[in-house]
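This is run.pdb. It holds PDB, C-alpha atoms.
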ATOM      1  CA  MET A 616       5.719 -17.731   2.610
ATOM      2  CA  SER A 617       6.740 -19.365  -0.666
ATOM      3  CA  SER A 618      10.414 -18.498  -0.916
ATOM      4  CA  ILE A 619      13.840 -19.622  -1.992
ATOM      5  CA  GLU A 620      14.789 -22.775  -0.098
ATOM      6  CA  LEU A 621      17.223 -22.428   2.780
ATOM      7  CA  THR A 622      20.473 -24.259   3.281
ATOM      8  CA  THR A 623      23.397 -24.217   5.654
ATOM      9  CA  SER A 624      25.800 -23.789   2.701
ATOM     10  CA  PRO A 625      27.133 -20.221   3.007
ATOM     11  CA  LEU A 626      27.930 -17.910   0.135
ATOM     12  CA  ALA A 627      31.158 -15.930   0.143
ATOM     13  CA  LEU A 628      29.686 -12.486   0.742
ATOM     14  CA  GLU A 629      31.626  -9.244   1.051
ATOM     15  CA  ARG A 630      30.508  -6.776   3.721
ATOM     16  CA  GLU A 631      31.452  -3.117   3.601
ATOM     17  CA  PRO A 632      30.011  -0.275   5.731
ATOM     18  CA  GLY A 633      27.291   1.639   3.893
ATOM     19  CA  ARG A 634      26.954  -1.036   1.195
ATOM     20  CA  PRO A 635      24.656  -4.049   0.895
ATOM     21  CA  ALA A 636      26.099  -7.553   1.161
ATOM     22  CA  MET A 637      27.936  -8.297  -2.089
ATOM     23  CA  LEU A 638      28.379 -11.596  -3.904
ATOM     24  CA  ARG A 639      30.871 -11.563  -6.767
ATOM     25  CA  VAL A 640      30.412 -14.108  -9.529
ATOM     26  CA  GLN A 641      33.249 -14.849 -11.915
ATOM     27  CA  GLY A 642      33.678 -16.878 -15.059
ATOM     28  CA  THR A 643      30.036 -17.625 -15.867
ATOM     29  CA  ARG A 644      27.990 -16.930 -18.965
ATOM     30  CA  ASP A 645      25.241 -19.284 -17.837
ATOM     31  CA  GLN A 646      23.132 -17.098 -15.577
ATOM     32  CA  ALA A 647      20.335 -19.654 -15.323
ATOM     33  CA  GLY A 648      22.747 -22.444 -14.401
ATOM     34  CA  TRP A 649      24.317 -20.252 -11.739
ATOM     35  CA  ALA A 650      20.879 -19.466 -10.264
ATOM     36  CA  ALA A 651      19.950 -23.153 -10.075
ATOM     37  CA  LYS A 652      23.115 -23.932  -8.092
ATOM     38  CA  ALA A 653      23.040 -20.830  -5.886
ATOM     39  CA  ARG A 654      19.339 -20.592  -4.978
ATOM     40  CA  GLU A 655      19.617 -22.362  -1.615
ATOM     41  CA  GLY A 656      22.596 -20.336  -0.458
ATOM     42  CA  LEU A 657      20.973 -17.160  -1.703
ATOM     43  CA  GLY A 658      17.851 -17.930   0.300
ATOM     44  CA  ALA A 659      19.895 -18.293   3.483
ATOM     45  CA  ALA A 660      21.790 -15.088   2.722
ATOM     46  CA  LEU A 661      18.551 -13.161   2.278
ATOM     47  CA  VAL A 662      17.237 -14.337   5.643
ATOM     48  CA  GLU A 663      20.491 -13.213   7.276
ATOM     49  CA  HIS A 664      21.134  -9.950   5.426
ATOM     50  CA  GLY A 665      17.794  -8.946   3.865
ATOM     51  CA  ALA A 666      19.367  -8.119   0.495
ATOM     52  CA  VAL A 667      22.294  -9.274  -1.640
ATOM     53  CA  MET A 668      23.936  -7.480  -4.571
ATOM     54  CA  ILE A 669      25.204 -10.031  -7.106
ATOM     55  CA  ARG A 670      27.919  -8.695  -9.389
ATOM     56  CA  GLY A 671      29.468 -10.440 -12.382
ATOM     57  CA  LEU A 672      26.445 -12.280 -13.826
ATOM     58  CA  GLU A 673      26.604 -10.014 -16.886
ATOM     59  CA  LEU A 674      22.842  -9.847 -17.320
ATOM     60  CA  GLY A 675      22.343  -8.140 -20.662
ATOM     61  CA  ALA A 676      18.728  -8.759 -21.661
ATOM     62  CA  THR A 677      15.305  -9.267 -20.155
ATOM     63  CA  ALA A 678      15.466 -12.937 -21.189
ATOM     64  CA  ASP A 679      18.431 -13.382 -18.839
ATOM     65  CA  VAL A 680      16.361 -12.082 -15.924
ATOM     66  CA  VAL A 681      13.440 -14.364 -16.807
ATOM     67  CA  ALA A 682      15.791 -17.355 -16.937
ATOM     68  CA  VAL A 683      17.260 -16.543 -13.516
ATOM     69  CA  LEU A 684      13.806 -16.136 -11.972
ATOM     70  CA  GLU A 685      12.719 -19.504 -13.369
ATOM     71  CA  GLN A 686      15.771 -21.285 -11.929
ATOM     72  CA  LEU A 687      15.266 -19.787  -8.485
ATOM     73  CA  ALA A 688      12.162 -22.000  -8.275
ATOM     74  CA  VAL A 689       9.878 -19.277  -6.924
ATOM     75  CA  GLU A 690       6.364 -18.393  -8.019
ATOM     76  CA  PRO A 691       6.204 -15.234 -10.168
ATOM     77  CA  MET A 692       3.718 -12.636  -8.975
ATOM     78  CA  LYS A 693       1.564 -10.373 -11.073
ATOM     79  CA  GLU A 694       1.313  -6.776  -9.888
ATOM     80  CA  LYS A 695      -2.131  -5.546  -8.837
ATOM     81  CA  GLU A 696      -3.558  -2.307  -7.466
ATOM     82  CA  THR A 697      -0.719  -0.590  -9.281
ATOM     83  CA  PHE A 698      -0.014   3.141  -9.094
ATOM     84  CA  ALA A 699       1.715   3.384 -12.463
ATOM     85  CA  GLN A 700       1.510   1.245 -15.555
ATOM     86  CA  ARG A 701       4.636  -0.796 -16.309
ATOM     87  CA  THR A 702       5.748  -2.753 -19.357
ATOM     88  CA  ALA A 703       5.285  -6.490 -18.771
ATOM     89  CA  TYR A 704       7.992  -8.739 -20.222
ATOM     90  CA  ALA A 705       7.045 -12.110 -18.719
ATOM     91  CA  PRO A 706       5.042 -13.395 -15.728
ATOM     92  CA  GLY A 707       6.308 -11.405 -12.743
ATOM     93  CA  VAL A 708       8.931  -9.527 -14.803
ATOM     94  CA  HIS A 709       8.416  -5.937 -15.917
ATOM     95  CA  SER A 710       9.949  -2.504 -16.266
ATOM     96  CA  ALA A 711      10.712  -0.306 -13.284
ATOM     97  CA  SER A 712       7.992   2.101 -12.166
ATOM     98  CA  PRO A 713       7.897   5.208 -14.353
ATOM     99  CA  TRP A 714       9.207   8.014 -12.158
ATOM    100  CA  PRO A 715      10.857  11.323 -13.122
ATOM    101  CA  PRO A 716      14.651  10.828 -13.243
ATOM    102  CA  ASN A 717      15.251  14.101 -11.381
ATOM    103  CA  GLN A 718      12.994  13.042  -8.481
ATOM    104  CA  PRO A 719      14.109  10.462  -5.889
ATOM    105  CA  MET A 720      11.739   7.644  -4.955
ATOM    106  CA  CYS A 721      11.666   7.288  -1.171
ATOM    107  CA  MET A 722      11.769   4.107   0.884
ATOM    108  CA  HIS A 723       8.937   1.609   0.677
ATOM    109  CA  HIS A 724       8.071  -2.093   0.664
ATOM    110  CA  GLU A 725       6.592  -3.192  -2.660
ATOM    111  CA  LEU A 726       2.800  -3.589  -2.613
ATOM    112  CA  SER A 727       2.668  -3.501   1.192
ATOM    113  CA  TYR A 728      -0.836  -2.016   0.894
ATOM    114  CA  THR A 729      -2.157  -5.245  -0.675
ATOM    115  CA  LEU A 730      -3.168  -8.369   1.211
ATOM    116  CA  ASP A 731      -0.905 -10.487  -1.010
ATOM    117  CA  PHE A 732       2.484  -9.008  -1.825
ATOM    118  CA  PRO A 733       5.822 -10.269  -3.186
ATOM    119  CA  GLY A 734       8.145 -11.819  -0.621
ATOM    120  CA  LEU A 735      11.044 -11.609  -3.073
ATOM    121  CA  MET A 736      12.126  -8.753  -5.338
ATOM    122  CA  LEU A 737      14.804  -8.935  -8.022
ATOM    123  CA  PHE A 738      16.283  -5.824  -9.630
ATOM    124  CA  ALA A 739      18.458  -6.360 -12.705
ATOM    125  CA  CYS A 740      20.499  -3.517 -14.181
ATOM    126  CA  LEU A 741      20.733  -3.870 -17.958
ATOM    127  CA  ALA A 742      22.108  -0.348 -18.432
ATOM    128  CA  GLU A 743      23.697   1.727 -15.675
ATOM    129  CA  PRO A 744      22.999   5.477 -15.359
ATOM    130  CA  THR A 745      25.638   8.108 -15.997
ATOM    131  CA  SER A 746      25.326   9.292 -12.403
ATOM    132  CA  GLY A 747      23.083   8.580  -9.413
ATOM    133  CA  GLY A 748      20.201   6.149  -9.686
ATOM    134  CA  ALA A 749      21.312   3.697  -6.993
ATOM    135  CA  THR A 750      18.685   1.525  -5.314
ATOM    136  CA  GLY A 751      18.865   2.277  -1.602
ATOM    137  CA  LEU A 752      18.094  -0.388   1.001
ATOM    138  CA  ALA A 753      17.014  -0.122   4.639
ATOM    139  CA  ASP A 754      16.655  -2.861   7.246
ATOM    140  CA  ALA A 755      13.004  -2.800   8.361
ATOM    141  CA  ALA A 756      13.751  -4.255  11.789
ATOM    142  CA  ALA A 757      16.408  -1.612  12.489
ATOM    143  CA  VAL A 758      14.115   1.165  11.249
ATOM    144  CA  LEU A 759      11.357  -0.037  13.584
ATOM    145  CA  ASP A 760      13.744   0.032  16.544
ATOM    146  CA  ALA A 761      14.965   3.543  15.646
ATOM    147  CA  LEU A 762      11.535   5.171  15.318
ATOM    148  CA  PRO A 763       9.920   6.696  18.437
ATOM    149  CA  ARG A 764       8.218   3.991  20.476
ATOM    150  CA  GLY A 765       5.012   5.984  20.919
ATOM    151  CA  LEU A 766       4.663   6.409  17.154
ATOM    152  CA  THR A 767       5.279   2.756  16.303
ATOM    153  CA  ASP A 768       3.003   1.590  19.128
ATOM    154  CA  ARG A 769       0.171   3.659  17.682
ATOM    155  CA  PHE A 770       0.721   2.339  14.171
ATOM    156  CA  GLU A 771       1.021  -1.212  15.458
ATOM    157  CA  ARG A 772      -2.245  -0.785  17.344
ATOM    158  CA  GLU A 773      -4.230   1.036  14.629
ATOM    159  CA  GLY A 774      -2.470   0.126  11.383
ATOM    160  CA  TRP A 775      -2.280   2.698   8.579
ATOM    161  CA  LEU A 776      -4.864   3.910   6.116
ATOM    162  CA  LEU A 777      -4.375   4.353   2.374
ATOM    163  CA  THR A 778      -6.922   6.400   0.425
ATOM    164  CA  ARG A 779      -7.014   6.547  -3.373
ATOM    165  CA  ASN A 780      -9.018   8.536  -5.887
ATOM    166  CA  TYR A 781      -8.828   7.042  -9.358
ATOM    167  CA  ASN A 782      -8.856   9.256 -12.425
ATOM    168  CA  ASP A 783      -7.608   9.102 -16.004
ATOM    169  CA  GLU A 784      -5.070  11.890 -15.561
ATOM    170  CA  ILE A 785      -2.535  10.855 -12.895
ATOM    171  CA  GLY A 786      -1.095   7.423 -12.188
ATOM    172  CA  ALA A 787      -2.762   4.146 -13.068
ATOM    173  CA  THR A 788      -6.320   4.246 -14.360
ATOM    174  CA  LEU A 789      -9.095   2.178 -12.834
ATOM    175  CA  THR A 790      -8.659  -0.437 -15.557
ATOM    176  CA  GLU A 791      -4.887  -0.584 -15.086
ATOM    177  CA  ALA A 792      -5.184  -0.969 -11.324
ATOM    178  CA  PHE A 793      -7.990  -3.547 -11.230
ATOM    179  CA  GLY A 794      -7.711  -5.132 -14.666
ATOM    180  CA  THR A 795     -11.265  -4.069 -15.499
ATOM    181  CA  ALA A 796     -13.585  -1.059 -15.502
ATOM    182  CA  ASP A 797     -16.676  -3.166 -14.787
ATOM    183  CA  ARG A 798     -18.218  -1.848 -11.580
ATOM    184  CA  ASP A 799     -19.431  -5.209 -10.335
ATOM    185  CA  ALA A 800     -16.007  -6.772 -10.860
ATOM    186  CA  VAL A 801     -14.235  -3.884  -9.145
ATOM    187  CA  GLU A 802     -16.606  -4.016  -6.174
ATOM    188  CA  SER A 803     -16.162  -7.790  -5.937
ATOM    189  CA  TYR A 804     -12.369  -7.394  -5.868
ATOM    190  CA  CYS A 805     -12.609  -4.741  -3.173
ATOM    191  CA  ARG A 806     -14.827  -6.887  -0.970
ATOM    192  CA  ALA A 807     -12.425  -9.821  -1.326
ATOM    193  CA  HIS A 808      -9.407  -7.678  -0.441
ATOM    194  CA  ALA A 809     -10.755  -5.638   2.492
ATOM    195  CA  ILE A 810     -11.034  -2.396   0.515
ATOM    196  CA  THR A 811     -13.877   0.048   1.003
ATOM    197  CA  CYS A 812     -14.976   1.663  -2.256
ATOM    198  CA  ALA A 813     -17.429   4.406  -3.196
ATOM    199  CA  TRP A 814     -18.386   5.620  -6.665
ATOM    200  CA  GLN A 815     -18.428   9.393  -6.960
ATOM    201  CA  PRO A 816     -21.073  11.473  -8.785
ATOM    202  CA  ASP A 817     -18.700  11.964 -11.720
ATOM    203  CA  GLY A 818     -18.221   8.206 -12.072
ATOM    204  CA  SER A 819     -14.773   8.076 -10.505
ATOM    205  CA  LEU A 820     -13.863   5.695  -7.694
ATOM    206  CA  ARG A 821     -12.631   6.420  -4.190
ATOM    207  CA  THR A 822     -11.143   3.638  -2.062
ATOM    208  CA  ALA A 823      -9.700   3.173   1.409
ATOM    209  CA  GLN A 824      -7.826   0.252   2.910
ATOM    210  CA  ARG A 825      -6.452  -0.253   6.392
ATOM    211  CA  ARG A 826      -3.293  -2.316   6.671
ATOM    212  CA  SER A 827      -0.768  -3.387   9.296
ATOM    213  CA  ALA A 828       2.294  -1.185   9.757
ATOM    214  CA  VAL A 829       4.329  -3.658  11.814
ATOM    215  CA  VAL A 830       4.575  -7.353  10.909
ATOM    216  CA  ARG A 831       6.661 -10.375  11.855
ATOM    217  CA  HIS A 832       8.964 -11.831   9.246
ATOM    218  CA  PRO A 833       7.536 -15.211   8.162
ATOM    219  CA  VAL A 834      10.899 -17.014   8.527
ATOM    220  CA  SER A 835      12.948 -15.204  11.177
ATOM    221  CA  GLY A 836      10.016 -13.908  13.237
ATOM    222  CA  ARG A 837      11.648 -10.472  13.554
ATOM    223  CA  ARG A 838       9.286  -7.525  13.908
ATOM    224  CA  CYS A 839       9.586  -5.246  10.873
ATOM    225  CA  TRP A 840       8.349  -1.763   9.953
ATOM    226  CA  PHE A 841       6.480  -2.863   6.794
ATOM    227  CA  ASN A 842       4.348  -0.271   5.026
ATOM    228  CA  GLN A 843       4.263   2.643   2.577
ATOM    229  CA  ILE A 844       3.119   5.272   5.056
ATOM    230  CA  ALA A 845       5.724   7.869   4.103
ATOM    231  CA  PHE A 846       6.111   6.936   0.434
ATOM    232  CA  LEU A 847       2.427   7.454  -0.400
ATOM    233  CA  ASN A 848       1.853  10.476   1.822
ATOM    234  CA  GLU A 849       1.277  13.964   0.465
ATOM    235  CA  TRP A 850       4.153  15.412   2.505
ATOM    236  CA  THR A 851       6.710  13.237   0.722
ATOM    237  CA  LEU A 852       5.794  14.800  -2.621
ATOM    238  CA  ALA A 853       7.898  17.638  -3.974
ATOM    239  CA  PRO A 854       6.312  20.892  -2.680
ATOM    240  CA  GLU A 855       5.384  22.103  -6.162
ATOM    241  CA  VAL A 856       3.782  18.743  -6.993
ATOM    242  CA  ARG A 857       1.775  18.678  -3.777
ATOM    243  CA  GLU A 858       0.626  22.259  -4.327
ATOM    244  CA  TYR A 859      -0.530  21.428  -7.851
ATOM    245  CA  LEU A 860      -2.433  18.312  -6.743
ATOM    246  CA  VAL A 861      -4.165  20.109  -3.867
ATOM    247  CA  ASP A 862      -5.179  22.955  -6.185
ATOM    248  CA  GLU A 863      -6.363  20.529  -8.864
ATOM    249  CA  TYR A 864      -8.204  17.927  -6.773
ATOM    250  CA  GLY A 865      -8.614  19.373  -3.279
ATOM    251  CA  ALA A 866      -6.925  18.314  -0.058
ATOM    252  CA  ASP A 867      -9.456  15.525   0.574
ATOM    253  CA  ALA A 868      -9.426  14.074  -2.953
ATOM    254  CA  LEU A 869      -5.750  13.624  -3.751
ATOM    255  CA  PRO A 870      -4.940  10.692  -6.056
ATOM    256  CA  PHE A 871      -3.415   8.975  -3.018
ATOM    257  CA  ASN A 872      -2.619   9.730   0.603
ATOM    258  CA  THR A 873      -1.950   7.964   3.899
ATOM    259  CA  ARG A 874      -3.244   8.500   7.439
ATOM    260  CA  TYR A 875      -3.160   6.936  10.854
ATOM    261  CA  GLY A 876      -5.299   3.828  11.055
ATOM    262  CA  ASP A 877      -8.111   5.737  12.765
ATOM    263  CA  GLY A 878      -8.267   8.219   9.867
ATOM    264  CA  GLU A 879      -6.415  11.103  11.527
ATOM    265  CA  PRO A 880      -4.158  12.996   9.081
ATOM    266  CA  LEU A 881      -0.387  12.703   9.403
ATOM    267  CA  ASP A 882       1.621  15.799  10.257
ATOM    268  CA  GLU A 883       4.421  16.838   7.940
ATOM    269  CA  GLU A 884       6.857  16.435  10.850
ATOM    270  CA  VAL A 885       5.925  12.762  11.335
ATOM    271  CA  VAL A 886       6.416  11.964   7.657
ATOM    272  CA  ARG A 887       9.724  13.827   7.630
ATOM    273  CA  LEU A 888      10.846  11.895  10.723
ATOM    274  CA  ILE A 889      10.068   8.533   9.099
ATOM    275  CA  ASN A 890      12.001   9.487   5.972
ATOM    276  CA  GLU A 891      14.943  10.741   8.065
ATOM    277  CA  VAL A 892      15.142   7.458   9.983
ATOM    278  CA  TYR A 893      15.074   5.589   6.680
ATOM    279  CA  GLU A 894      17.938   7.732   5.393
ATOM    280  CA  ASP A 895      19.956   7.099   8.550
ATOM    281  CA  HIS A 896      19.682   3.347   7.895
ATOM    282  CA  THR A 897      20.166   3.354   4.122
ATOM    283  CA  VAL A 898      22.899   1.404   2.387
ATOM    284  CA  ARG A 899      23.490   1.589  -1.348
ATOM    285  CA  SER A 900      25.846   0.482  -4.084
ATOM    286  CA  PRO A 901      26.084   2.256  -7.458
ATOM    287  CA  TRP A 902      24.690   0.130 -10.267
ATOM    288  CA  ARG A 903      26.912  -1.548 -12.810
ATOM    289  CA  SER A 904      25.449  -2.999 -15.984
ATOM    290  CA  GLY A 905      24.793  -6.713 -15.468
ATOM    291  CA  ASP A 906      24.174  -6.466 -11.683
ATOM    292  CA  LEU A 907      21.388  -8.382  -9.958
ATOM    293  CA  LEU A 908      19.991  -7.214  -6.593
ATOM    294  CA  ALA A 909      17.913  -9.731  -4.598
ATOM    295  CA  VAL A 910      15.720  -8.235  -1.851
ATOM    296  CA  ASP A 911      13.612  -9.799   0.891
ATOM    297  CA  ASN A 912      10.609  -7.480   0.576
ATOM    298  CA  VAL A 913       9.494  -7.895   4.205
ATOM    299  CA  ARG A 914      12.908  -7.468   5.805
ATOM    300  CA  THR A 915      14.158  -4.692   3.526
ATOM    301  CA  ALA A 916      12.668  -1.456   2.177
ATOM    302  CA  HIS A 917      14.030  -0.010  -1.068
ATOM    303  CA  SER A 918      14.270   3.405  -2.723
ATOM    304  CA  ARG A 919      15.740   4.993  -5.854
ATOM    305  CA  GLU A 920      18.041   7.984  -6.195
ATOM    306  CA  ALA A 921      17.603  10.680  -8.790
ATOM    307  CA  TYR A 922      19.838  10.079 -11.772
ATOM    308  CA  GLU A 923      21.163  11.305 -15.105
ATOM    309  CA  GLY A 924      21.683   9.383 -18.307
ATOM    310  CA  PRO A 925      20.184   6.044 -19.330
ATOM    311  CA  ARG A 926      19.035   3.659 -16.616
ATOM    312  CA  ASP A 927      17.392   0.362 -17.497
ATOM    313  CA  VAL A 928      16.466  -1.697 -14.444
ATOM    314  CA  VAL A 929      14.172  -4.682 -14.884
ATOM    315  CA  VAL A 930      12.094  -5.723 -11.868
ATOM    316  CA  ALA A 931      10.823  -9.172 -10.939
ATOM    317  CA  MET A 932       8.281  -9.964  -8.221
ATOM    318  CA  ALA A 933       7.929 -13.452  -6.779
ATOM    319  CA  SER A 934       6.873 -15.536  -3.778
ATOM    320  CA  PRO A 935       3.302 -14.252  -3.158
ATOM    321  CA  THR A 936       2.963 -13.730   0.585
ATOM    322  CA  ARG A 937       0.125 -13.087   3.008
ATOM    323  CA  LEU A 938       0.940 -12.562   6.668
ATOM    324  CA  GLU A 939      -1.124 -13.096   9.772
ATOM    325  CA  THR A 940      -1.236  -9.659  11.371
ATOM    326  CA  SER A 941      -2.468  -8.092  14.577
ATOM    327  CA  SER A 942      -3.833  -4.904  13.001
ATOM    328  CA  PRO A 943      -7.333  -5.476  11.631
ATOM    329  CA  THR A 944      -8.196  -4.635   8.018
ATOM    330  CA  LEU A 945     -11.498  -3.066   8.956
ATOM    331  CA  GLU A 946     -13.603  -1.177   6.478
ATOM    332  CA  VAL A 947     -13.643   2.578   6.863
ATOM    333  CA  GLY A 948     -16.292   5.045   5.945
ATOM    334  CA  LEU A 949     -16.185   6.814   2.591
ATOM    335  CA  ARG A 950     -18.411   9.384   1.051
TER     336      ARG A 950
END
Would you mind writing the file out in structure tokens?
Amino acid sequence: MSSIELTTSPLALEREPGRPAMLRVQGTRDQAGWAAKAREGLGAALVEHGAVMIRGLELGATADVVAVLEQLAVEPMKEKETFAQRTAYAPGVHSASPWPPNQPMCMHHELSYTLDFPGLMLFACLAEPTSGGATGLADAAAVLDALPRGLTDRFEREGWLLTRNYNDEIGATLTEAFGTADRDAVESYCRAHAITCAWQPDGSLRTAQRRSAVVRHPVSGRRCWFNQIAFLNEWTLAPEVREYLVDEYGADALPFNTRYGDGEPLDEEVVRLINEVYEDHTVRSPWRSGDLLAVDNVRTAHSREAYEGPRDVVVAMASPTRLETSSPTLEVGLR
């Protein structure tokens, strides 16, 4: 894993129940200079805590976020296989995912359905919301331990399955997700990334990919519940949204859905249980303009509350990571 370097130099972190670890920075207008000096200590803090809220940097523009990312000496990562088009500001730096403000975004690990995903996530708040809108965090190792053993054993044995049906109406288009609409190029990408694909009679594309649900952290070795099983499942959608999508596309052709690794559908109760365990292990801190939240994407899942008022959070992805896993990424049948 390409990540922030580690050091034995500790940072003076505040710990408060129900809140992420907090680092307060005072008397600096040089965000990039601070990042260059703090990167080693921040790396150690992320291994220990999984996420750190940094308050007092006074980040006020996208350029400030880009400068911090550069000084952390990590490799920026371009998003791929996206579900929603974002505004790109610089390599690895872009807007938050477009999502209705009145709808919460449940827990997930960014791009955990891809073979190469970001090891590090940065969230920078340039404008805080009037109310709500906090980014929730959940320790993936603790969530794994809290879920029923039989359920996690099955997912660890079989992995999880993500199915997608691309169209020009909902979410990212084929071109946005793959960077091209050329069939040969799309098929070549799918073969290289263990994705089964099938072109439908109407010209649309259906894909399926099997991924690991439980992985070991590349530095600490801790076993983590690392996936988007609940986030991308139909039962996590608002009831009226799910009903509309089923009526519009059919139960077997939803824009996205998740299953057990062997293809068996997930019950609503299982998805609800996963989300409840996430909620039981969620910590959060209300955003303040200028905040920076650093997240170890393997160790820590993140979510977003519903909110009111303006909310401008810039997201950076870095440290491309590919893990050796026990769950095979076998092709699955499509029709």
Check what the PyMOL selection byres ((chain A and resi 916) around 9) selects in the file above and give those residues as a PDB file with C-alpha atoms, in the coordinates of the input.
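Okay, result.pdb is ready:
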ATOM      1  CA  MET A 722      11.769   4.107   0.884  1.00  0.00           C
ATOM      2  CA  HIS A 723       8.937   1.609   0.677  1.00  0.00           C
ATOM      3  CA  HIS A 724       8.071  -2.093   0.664  1.00  0.00           C
ATOM      4  CA  GLU A 725       6.592  -3.192  -2.660  1.00  0.00           C
ATOM      5  CA  GLY A 751      18.865   2.277  -1.602  1.00  0.00           C
ATOM      6  CA  LEU A 752      18.094  -0.388   1.001  1.00  0.00           C
ATOM      7  CA  ALA A 753      17.014  -0.122   4.639  1.00  0.00           C
ATOM      8  CA  ASP A 754      16.655  -2.861   7.246  1.00  0.00           C
ATOM      9  CA  ALA A 755      13.004  -2.800   8.361  1.00  0.00           C
ATOM     10  CA  TRP A 840       8.349  -1.763   9.953  1.00  0.00           C
ATOM     11  CA  PHE A 841       6.480  -2.863   6.794  1.00  0.00           C
ATOM     12  CA  ASN A 842       4.348  -0.271   5.026  1.00  0.00           C
ATOM     13  CA  TYR A 893      15.074   5.589   6.680  1.00  0.00           C
ATOM     14  CA  VAL A 910      15.720  -8.235  -1.851  1.00  0.00           C
ATOM     15  CA  ASP A 911      13.612  -9.799   0.891  1.00  0.00           C
ATOM     16  CA  ASN A 912      10.609  -7.480   0.576  1.00  0.00           C
ATOM     17  CA  VAL A 913       9.494  -7.895   4.205  1.00  0.00           C
ATOM     18  CA  ARG A 914      12.908  -7.468   5.805  1.00  0.00           C
ATOM     19  CA  THR A 915      14.158  -4.692   3.526  1.00  0.00           C
ATOM     20  CA  HIS A 917      14.030  -0.010  -1.068  1.00  0.00           C
ATOM     21  CA  SER A 918      14.270   3.405  -2.723  1.00  0.00           C
TER      22      SER A 918
END
I'd like a table as CSV: residues in segment 671-769 of chain A with an atom no more than 7 Å from segment 926-940 of chain A, each row giving the shortest atom pair and its distance in Å to one decimal, all atoms listed in the file counted, sorted by chain and rising residue number.
residue,atom,partner,partner_atom,distance
A:Val689,CA,A:Ser934,CA,5.7
A:Glu690,CA,A:Ser934,CA,5.1
A:Pro691,CA,A:Ala933,CA,4.2
A:Met692,CA,A:Ala933,CA,4.8
A:Gly707,CA,A:Met932,CA,5.1
A:Val708,CA,A:Ala931,CA,4.3
A:His709,CA,A:Val930,CA,5.5
A:Ser710,CA,A:Val929,CA,4.9
A:Ala711,CA,A:Val930,CA,5.8
A:Leu730,CA,A:Arg937,CA,6.0
A:Asp731,CA,A:Arg937,CA,4.9
A:Phe732,CA,A:Thr936,CA,5.3
A:Pro733,CA,A:Pro935,CA,4.7
A:Gly734,CA,A:Ser934,CA,5.0
A:Leu735,CA,A:Ala933,CA,5.2
A:Met736,CA,A:Met932,CA,5.0
A:Leu737,CA,A:Ala931,CA,4.9
A:Phe738,CA,A:Val930,CA,4.8
A:Ala739,CA,A:Val929,CA,5.1
A:Cys740,CA,A:Val928,CA,4.4
A:Leu741,CA,A:Asp927,CA,5.4
A:Ala742,CA,A:Asp927,CA,4.9
A:Glu743,CA,A:Arg926,CA,5.1
A:Pro744,CA,A:Arg926,CA,4.5
Once the PyMOL selection byres ((chain A and resi 778) around 8) is applied to the coordinates I shared, what remains selected? I want it as a PDB file with C-alpha atoms, in the coordinates of the input.
ATOM      1  CA  LEU A 776      -4.864   3.910   6.116  1.00  0.00           C
ATOM      2  CA  LEU A 777      -4.375   4.353   2.374  1.00  0.00           C
ATOM      3  CA  ARG A 779      -7.014   6.547  -3.373  1.00  0.00           C
ATOM      4  CA  ASN A 780      -9.018   8.536  -5.887  1.00  0.00           C
ATOM      5  CA  ARG A 821     -12.631   6.420  -4.190  1.00  0.00           C
ATOM      6  CA  THR A 822     -11.143   3.638  -2.062  1.00  0.00           C
ATOM      7  CA  ALA A 823      -9.700   3.173   1.409  1.00  0.00           C
ATOM      8  CA  GLN A 824      -7.826   0.252   2.910  1.00  0.00           C
ATOM      9  CA  PHE A 871      -3.415   8.975  -3.018  1.00  0.00           C
ATOM     10  CA  ASN A 872      -2.619   9.730   0.603  1.00  0.00           C
ATOM     11  CA  THR A 873      -1.950   7.964   3.899  1.00  0.00           C
TER      12      THR A 873
END
Worksheet, complete the sentence: Closest of A:Asn782, A:Ser746, A:Gln718, A:Gln700 to Tyr864 of chain A, counting only C-alpha atoms, is A:Asn782
Worksheet item: In terms of the shortest atom-to-atom distance over only C-alpha atoms, which of A:Arg772, A:Cys721, A:Leu672, A:Gly633 is closest to Phe846 of chain A?
Response: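 Smallest distance to Phe846 of chain A is found for A:Cys721.
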Discussion item. Applying 12 Å and only C-alpha atoms, which residues near Glu771 of chain A remain after dropping the ones on its own chain fewer than 5 positions away? List them as a PyMOL selection string.
Written reply: chain A and resi 759+764-766+825-831+838-842+875-877+940-943
Worksheet item: Mind telling me what the PyMOL selection byres ((chain A and resi 856-860) around 12) catches here, as a PyMOL selection string?
Response: chain A and resi 715+718+780+784-785+847-855+861-872
Discussion item. At a cut-off of 8 Å, using all atoms listed in the file, what residues contact Ser900 of chain A? Leave out same-chain residues fewer than 6 positions from it and give the result as a ChimeraX atom specification.
Written reply: /A:634-635,749-751
Discussion item. Taking 2 positions as the minimum chain separation for residues in the same chain, which residues sit within 12 Å of Ala636 of chain A when counting only C-alpha atoms? Answer as a ChimeraX atom specification.
Written reply: /A:626-634,638-639,657,660-661,663-670,752,898-900,908-910
Practice prompt. Determine the nearest neighbour of Thr745 of chain A from the options A:Arg806, A:Pro716, A:Glu879, A:Gly658, counting only C-alpha atoms.
Written response: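 Result for the nearest residue to Thr745 of chain A: A:Pro716.
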Worksheet item: Any idea what the distance is between atom CA of Ala761 of chain A and atom CA of Ala845 of chain A?
Response: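 Going from atom CA of Ala761 of chain A over to atom CA of Ala845 of chain A, I get 15.4 Å.
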Worksheet item: If you measure from atom CA of Arg644 of chain A to atom CA of Gly747 of chain A, what distance in Å do you get, rounded to one decimal?
Response: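 These two atoms are separated by 27.7 Å.
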Discussion item. If I take atom CA of Met637 of chain A and atom CA of Leu674 of chain A, how far is one from the other in Å, to one decimal?
Written reply: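 Rounded to one decimal, the two atoms are 16.1 Å apart.
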